[in-house]
Amino acid sequence: MVHNRSYGSGVWSHPMRQSLILMAMVLLALLAFVTTAFAHAVTEGDKGYIQEVSGMKLIPFMYLGAKHMVTGYDHLLFLFGVVFFLYKMKHVAIYVSLFAIGHSTTMLAGVYFGWNFSSYLIDAIIGLSVVYKALDNLGAYQRWFGVQPDTKAATLIFGFFHGLGLATKLLEYDVAPNGLIPNLLAFNVGVEIGQLIALAMILIVMGYWRKTTSFWKHAYTANVVMMSAGFILIGYQMTGYFVA
């Protein structure tokens with residue numbers, strides 16, 4: 001999908017520079033907190049429950065799935081980038097459905113078949129997905145290489161990695177085989193519910209923002225900040241990979 005993006009003269013005004021610095025500082029503080037508070041949006045309390053529970057527990061796993069998506073900053077950043085320039089609900093539905101298909105497939109299959117990959121490397125790829133989408137929104141690929149990647153295919157492929165990221169975490173927690181399939185399906189249903197809640201909040205905020213004159217003034221800044229967040233996530237995960 002090719003967007004006609006115009007970010008103004010390309011010269012940052014003083015207010016825009018201030019906004020970029022402020023947003024970057026807030027983002028850095030937020031990421032510093034969430035990366036220490038969460039392990040791919042699975043808290044220590046949830047981890048203990050997953051490790052200890054046995055048998056079919058549909059409602060608790062559905063709740064955990066919804067909580068994972070709503071508090072999963074990596075998923076939310078990617079979704080934010082995906083819908084940033086989508087104005088029609090049918091386009092939003094297509095892209096979010098592709099992401100959901102990818103996320104659900106590898107999460108379910110990864111746990112069921114025991115696909116054991118390094119969670120640090122998978123999460124680094126998830127950070128890369130955020131960088132990719134920010135650059136796509138900035139029109140970088142068209143300017144740099146004269147080509148536009150297939151955004152639908154990219155959304156599906158990165159959806160696979162987002163699901164695999166959670167699967168690697170669940171495998172680390174040794175989910176009990178008793179009731180595994182129903183619990184995984186319930187967890188996935190919760191993930192989709194959480195995704196709809198998060199998406200609704202994002203679209204509401206975006207809807208109001210697009211009606212203001214500041215949207216096109218700060219669209220470039222927002223995507224630069226999002227790209228920076230992706231690089232921070234990559235750096236954090238790769239550091240963990242080499243230190244662990």
# chains A, B, ... in the order shown; residues from 1 in each chain; ligands from 1
>>> closest_atom_pairs(of="stretch 96-117 of chain A", to="stretch 161-185 of chain A", cutoff="7 Å", atoms="only C-alpha atoms", output="CSV")
residue,atom,partner,partner_atom,distance
A:Gly102,CA,A:Gly163,CA,6.8
A:His103,CA,A:Gly163,CA,3.9
A:Ser104,CA,A:Gly163,CA,6.0
A:Thr106,CA,A:Gly163,CA,5.1
A:Met107,CA,A:Gly163,CA,4.4
A:Leu108,CA,A:Leu184,CA,6.5
A:Gly110,CA,A:Ala167,CA,5.4
A:Val111,CA,A:Ala167,CA,5.3
A:Gly114,CA,A:Leu171,CA,6.9
A:Asn116,CA,A:Thr168,CA,6.1
A:Phe117,CA,A:Thr168,CA,6.3
>>> write_last_selection(atoms="all heavy atoms", output="short mmCIF file (atom, residue, chain, number, x, y, z; two decimals), in the first residue's frame")
data_model
loop_
_atom_site.label_atom_id
_atom_site.label_comp_id
_atom_site.auth_asym_id
_atom_site.auth_seq_id
_atom_site.Cartn_x
_atom_site.Cartn_y
_atom_site.Cartn_z
N GLY A 102 -1.37 -14.56 11.92
CA GLY A 102 0.03 -14.88 12.15
C GLY A 102 0.32 -15.11 13.62
O GLY A 102 0.97 -16.10 14.00
N HIS A 103 -0.17 -14.21 14.47
CA HIS A 103 0.07 -14.30 15.90
C HIS A 103 -0.51 -15.59 16.48
O HIS A 103 0.15 -16.29 17.25
CB HIS A 103 -0.55 -13.08 16.58
CG HIS A 103 -0.26 -12.96 18.04
ND1 HIS A 103 -0.94 -13.67 18.99
CD2 HIS A 103 0.65 -12.20 18.70
CE1 HIS A 103 -0.47 -13.35 20.19
NE2 HIS A 103 0.50 -12.46 20.04
N SER A 104 -1.73 -15.91 16.08
CA SER A 104 -2.40 -17.10 16.63
C SER A 104 -1.73 -18.39 16.17
O SER A 104 -1.57 -19.33 16.95
CB SER A 104 -3.88 -17.11 16.21
OG SER A 104 -4.55 -15.95 16.67
N THR A 106 1.44 -19.18 15.18
CA THR A 106 2.72 -19.57 15.79
C THR A 106 2.63 -19.68 17.30
O THR A 106 3.40 -20.44 17.90
CB THR A 106 3.81 -18.57 15.40
OG1 THR A 106 3.34 -17.23 15.63
CG2 THR A 106 4.21 -18.73 13.95
N MET A 107 1.72 -18.94 17.94
CA MET A 107 1.58 -19.09 19.38
C MET A 107 1.06 -20.48 19.72
O MET A 107 1.61 -21.18 20.57
CB MET A 107 0.63 -18.02 19.93
CG MET A 107 0.62 -17.93 21.46
SD MET A 107 -0.50 -19.12 22.27
CE MET A 107 -2.09 -18.39 21.83
N LEU A 108 0.01 -20.92 19.01
CA LEU A 108 -0.57 -22.24 19.27
C LEU A 108 0.37 -23.36 18.84
O LEU A 108 0.64 -24.29 19.60
CB LEU A 108 -1.91 -22.36 18.53
CG LEU A 108 -3.03 -21.43 19.00
CD1 LEU A 108 -4.22 -21.51 18.05
CD2 LEU A 108 -3.48 -21.79 20.41
N GLY A 110 3.62 -23.19 18.24
CA GLY A 110 4.89 -23.14 18.94
C GLY A 110 4.85 -23.85 20.28
O GLY A 110 5.77 -24.60 20.63
N VAL A 111 3.76 -23.64 21.03
CA VAL A 111 3.63 -24.31 22.33
C VAL A 111 3.31 -25.79 22.15
O VAL A 111 3.90 -26.66 22.80
CB VAL A 111 2.54 -23.62 23.19
CG1 VAL A 111 2.35 -24.39 24.50
CG2 VAL A 111 2.92 -22.18 23.47
N GLY A 114 6.34 -27.55 20.69
CA GLY A 114 7.56 -27.32 21.44
C GLY A 114 8.67 -26.66 20.65
O GLY A 114 9.84 -27.04 20.78
N ASN A 116 11.34 -24.50 20.34
CA ASN A 116 12.15 -23.84 21.36
C ASN A 116 13.23 -22.96 20.72
O ASN A 116 14.27 -23.44 20.30
CB ASN A 116 12.80 -24.89 22.26
CG ASN A 116 13.29 -24.30 23.56
OD1 ASN A 116 13.10 -23.12 23.82
ND2 ASN A 116 13.93 -25.11 24.37
N PHE A 117 12.94 -21.68 20.63
CA PHE A 117 13.89 -20.70 20.11
C PHE A 117 14.31 -19.76 21.23
O PHE A 117 13.66 -19.69 22.28
CB PHE A 117 13.28 -19.89 18.96
CG PHE A 117 12.83 -20.72 17.78
CD1 PHE A 117 11.52 -21.10 17.64
CD2 PHE A 117 13.74 -21.11 16.82
CE1 PHE A 117 11.11 -21.86 16.55
CE2 PHE A 117 13.35 -21.86 15.72
CZ PHE A 117 12.02 -22.24 15.60
#
>>> select_by_dssp(residues="stretch 44-150 of chain A", states="alpha helix (DSSP H)", output="ChimeraX atom specification")
/A:44-52,58-71,73-83,89-113,119-137,140-145
>>> write_last_selection(atoms="C-alpha atoms", output="PDB file, in the first residue's frame")
ATOM      1  CA  GLU A  44       5.863 -12.891  37.791  1.00  0.00           C
ATOM      2  CA  GLY A  45       2.461 -13.595  39.332  1.00  0.00           C
ATOM      3  CA  ASP A  46       1.066 -14.804  36.018  1.00  0.00           C
ATOM      4  CA  LYS A  47       4.205 -16.862  35.454  1.00  0.00           C
ATOM      5  CA  GLY A  48       3.708 -18.619  38.782  1.00  0.00           C
ATOM      6  CA  TYR A  49       0.074 -19.353  37.980  1.00  0.00           C
ATOM      7  CA  ILE A  50       0.929 -20.780  34.556  1.00  0.00           C
ATOM      8  CA  GLN A  51       3.576 -23.024  36.094  1.00  0.00           C
ATOM      9  CA  GLU A  52       1.363 -24.345  38.883  1.00  0.00           C
ATOM     10  CA  LEU A  58     -10.611 -21.452  30.320  1.00  0.00           C
ATOM     11  CA  ILE A  59     -11.568 -18.178  31.997  1.00  0.00           C
ATOM     12  CA  PRO A  60      -8.197 -17.593  33.720  1.00  0.00           C
ATOM     13  CA  PHE A  61      -6.284 -18.313  30.508  1.00  0.00           C
ATOM     14  CA  MET A  62      -8.625 -16.073  28.533  1.00  0.00           C
ATOM     15  CA  TYR A  63      -7.965 -13.298  31.039  1.00  0.00           C
ATOM     16  CA  LEU A  64      -4.203 -13.851  30.798  1.00  0.00           C
ATOM     17  CA  GLY A  65      -4.395 -13.691  27.005  1.00  0.00           C
ATOM     18  CA  ALA A  66      -6.293 -10.408  27.051  1.00  0.00           C
ATOM     19  CA  LYS A  67      -3.911  -8.974  29.645  1.00  0.00           C
ATOM     20  CA  HIS A  68      -0.933 -10.014  27.549  1.00  0.00           C
ATOM     21  CA  MET A  69      -2.150  -8.087  24.519  1.00  0.00           C
ATOM     22  CA  VAL A  70      -3.356  -4.972  26.352  1.00  0.00           C
ATOM     23  CA  THR A  71      -0.088  -4.642  28.319  1.00  0.00           C
ATOM     24  CA  TYR A  73       3.995  -2.666  24.534  1.00  0.00           C
ATOM     25  CA  ASP A  74       5.707  -4.368  21.580  1.00  0.00           C
ATOM     26  CA  HIS A  75       2.375  -5.493  20.114  1.00  0.00           C
ATOM     27  CA  LEU A  76       0.793  -2.100  20.735  1.00  0.00           C
ATOM     28  CA  LEU A  77       3.655  -0.255  19.019  1.00  0.00           C
ATOM     29  CA  PHE A  78       3.383  -2.489  15.970  1.00  0.00           C
ATOM     30  CA  LEU A  79      -0.417  -2.145  15.826  1.00  0.00           C
ATOM     31  CA  PHE A  80      -0.071   1.618  16.190  1.00  0.00           C
ATOM     32  CA  GLY A  81       2.262   1.668  13.213  1.00  0.00           C
ATOM     33  CA  VAL A  82       0.031  -0.609  11.147  1.00  0.00           C
ATOM     34  CA  VAL A  83      -3.089   1.553  11.532  1.00  0.00           C
ATOM     35  CA  MET A  89     -12.315   0.287   8.670  1.00  0.00           C
ATOM     36  CA  LYS A  90     -12.189  -2.411   6.004  1.00  0.00           C
ATOM     37  CA  HIS A  91      -8.450  -1.773   5.593  1.00  0.00           C
ATOM     38  CA  VAL A  92      -7.967  -1.838   9.361  1.00  0.00           C
ATOM     39  CA  ALA A  93      -9.880  -5.129   9.511  1.00  0.00           C
ATOM     40  CA  ILE A  94      -7.728  -6.701   6.775  1.00  0.00           C
ATOM     41  CA  TYR A  95      -4.398  -5.789   8.347  1.00  0.00           C
ATOM     42  CA  VAL A  96      -5.412  -6.594  11.915  1.00  0.00           C
ATOM     43  CA  SER A  97      -6.838  -9.930  10.753  1.00  0.00           C
ATOM     44  CA  LEU A  98      -3.544 -10.789   9.029  1.00  0.00           C
ATOM     45  CA  PHE A  99      -1.656  -9.928  12.207  1.00  0.00           C
ATOM     46  CA  ALA A 100      -4.084 -12.019  14.277  1.00  0.00           C
ATOM     47  CA  ILE A 101      -3.761 -15.015  11.942  1.00  0.00           C
ATOM     48  CA  GLY A 102       0.031 -14.882  12.147  1.00  0.00           C
ATOM     49  CA  HIS A 103       0.071 -14.301  15.903  1.00  0.00           C
ATOM     50  CA  SER A 104      -2.404 -17.100  16.633  1.00  0.00           C
ATOM     51  CA  THR A 105      -0.779 -19.660  14.332  1.00  0.00           C
ATOM     52  CA  THR A 106       2.719 -19.567  15.786  1.00  0.00           C
ATOM     53  CA  MET A 107       1.577 -19.093  19.382  1.00  0.00           C
ATOM     54  CA  LEU A 108      -0.572 -22.238  19.265  1.00  0.00           C
ATOM     55  CA  ALA A 109       1.767 -24.308  17.109  1.00  0.00           C
ATOM     56  CA  GLY A 110       4.893 -23.145  18.941  1.00  0.00           C
ATOM     57  CA  VAL A 111       3.631 -24.308  22.328  1.00  0.00           C
ATOM     58  CA  TYR A 112       1.966 -27.492  21.069  1.00  0.00           C
ATOM     59  CA  PHE A 113       4.966 -28.694  19.039  1.00  0.00           C
ATOM     60  CA  SER A 119      13.214 -15.615  23.364  1.00  0.00           C
ATOM     61  CA  TYR A 120      15.792 -12.812  23.147  1.00  0.00           C
ATOM     62  CA  LEU A 121      16.295 -13.287  19.405  1.00  0.00           C
ATOM     63  CA  ILE A 122      12.566 -13.584  18.718  1.00  0.00           C
ATOM     64  CA  ASP A 123      11.834 -10.448  20.743  1.00  0.00           C
ATOM     65  CA  ALA A 124      14.624  -8.637  18.894  1.00  0.00           C
ATOM     66  CA  ILE A 125      12.846  -9.486  15.632  1.00  0.00           C
ATOM     67  CA  ILE A 126       9.644  -8.150  17.171  1.00  0.00           C
ATOM     68  CA  GLY A 127      11.500  -4.896  17.857  1.00  0.00           C
ATOM     69  CA  LEU A 128      12.631  -4.992  14.232  1.00  0.00           C
ATOM     70  CA  SER A 129       8.981  -5.210  13.179  1.00  0.00           C
ATOM     71  CA  VAL A 130       8.354  -1.881  14.901  1.00  0.00           C
ATOM     72  CA  VAL A 131      11.348  -0.319  13.122  1.00  0.00           C
ATOM     73  CA  TYR A 132      10.178  -1.739   9.787  1.00  0.00           C
ATOM     74  CA  LYS A 133       6.682  -0.302  10.164  1.00  0.00           C
ATOM     75  CA  ALA A 134       7.918   3.128  11.229  1.00  0.00           C
ATOM     76  CA  LEU A 135      10.225   3.296   8.202  1.00  0.00           C
ATOM     77  CA  ASP A 136       7.364   2.140   5.986  1.00  0.00           C
ATOM     78  CA  ASN A 137       5.143   4.915   7.337  1.00  0.00           C
ATOM     79  CA  ALA A 140      11.769   5.296   3.485  1.00  0.00           C
ATOM     80  CA  TYR A 141      11.763   2.236   1.238  1.00  0.00           C
ATOM     81  CA  GLN A 142      10.375   4.157  -1.712  1.00  0.00           C
ATOM     82  CA  ARG A 143      12.928   6.947  -1.302  1.00  0.00           C
ATOM     83  CA  TRP A 144      15.920   4.710  -0.591  1.00  0.00           C
ATOM     84  CA  PHE A 145      15.290   1.735  -2.872  1.00  0.00           C
TER      85      PHE A 145
END
>>> residues_around(residues="stretch 222-227 of chain A", least_positions_apart="2", cutoff="7 Å", atoms="only C-alpha atoms", output="VMD selection string")
chain A and resid 24 130 to 131 134 138 218 to 220 229 to 231
>>> residues_around(residues="A:Ile202", least_positions_apart="2", cutoff="10 Å", atoms="only C-alpha atoms", output="short mmCIF file (atom, residue, chain, number, x, y, z; two decimals) with N, CA, C and O atoms, in the first residue's frame")
data_model
loop_
_atom_site.label_atom_id
_atom_site.label_comp_id
_atom_site.auth_asym_id
_atom_site.auth_seq_id
_atom_site.Cartn_x
_atom_site.Cartn_y
_atom_site.Cartn_z
N LEU A 76 1.51 -3.37 20.88
CA LEU A 76 0.79 -2.10 20.74
C LEU A 76 1.55 -1.15 19.81
O LEU A 76 0.92 -0.45 19.00
N LEU A 79 0.95 -2.44 16.25
CA LEU A 79 -0.42 -2.15 15.83
C LEU A 79 -0.60 -0.66 15.54
O LEU A 79 -1.26 -0.27 14.58
N PHE A 80 -0.01 0.17 16.39
CA PHE A 80 -0.07 1.62 16.19
C PHE A 80 0.51 2.00 14.84
O PHE A 80 -0.06 2.80 14.10
N VAL A 83 -1.86 0.80 11.80
CA VAL A 83 -3.09 1.55 11.53
C VAL A 83 -2.83 3.05 11.37
O VAL A 83 -3.79 3.81 11.16
N PHE A 84 -1.58 3.48 11.46
CA PHE A 84 -1.27 4.91 11.48
C PHE A 84 -1.86 5.63 10.27
O PHE A 84 -2.42 6.73 10.40
N LEU A 196 -8.65 -6.38 20.25
CA LEU A 196 -9.77 -5.52 19.87
C LEU A 196 -9.90 -4.33 20.82
O LEU A 196 -10.19 -3.21 20.39
N ILE A 197 -9.70 -4.57 22.12
CA ILE A 197 -9.76 -3.48 23.09
C ILE A 197 -8.66 -2.46 22.82
O ILE A 197 -8.91 -1.24 22.77
N ALA A 198 -7.43 -2.97 22.65
CA ALA A 198 -6.30 -2.07 22.39
C ALA A 198 -6.49 -1.32 21.07
O ALA A 198 -6.22 -0.12 20.98
N LEU A 199 -6.97 -2.04 20.05
CA LEU A 199 -7.17 -1.41 18.74
C LEU A 199 -8.23 -0.31 18.83
O LEU A 199 -8.07 0.76 18.23
N ALA A 200 -9.30 -0.56 19.57
CA ALA A 200 -10.35 0.45 19.72
C ALA A 200 -9.79 1.71 20.38
O ALA A 200 -10.10 2.83 19.94
N ILE A 204 -9.55 5.36 18.51
CA ILE A 204 -10.23 6.52 19.09
C ILE A 204 -9.25 7.69 19.20
O ILE A 204 -9.54 8.82 18.80
N VAL A 205 -8.06 7.41 19.73
CA VAL A 205 -7.05 8.45 19.87
C VAL A 205 -6.63 8.98 18.49
O VAL A 205 -6.53 10.19 18.27
N MET A 206 -6.39 8.04 17.55
CA MET A 206 -6.00 8.45 16.21
C MET A 206 -7.10 9.26 15.53
O MET A 206 -6.82 10.22 14.80
N GLY A 207 -8.36 8.87 15.75
CA GLY A 207 -9.48 9.59 15.14
C GLY A 207 -9.52 11.05 15.57
O GLY A 207 -9.72 11.96 14.74
#
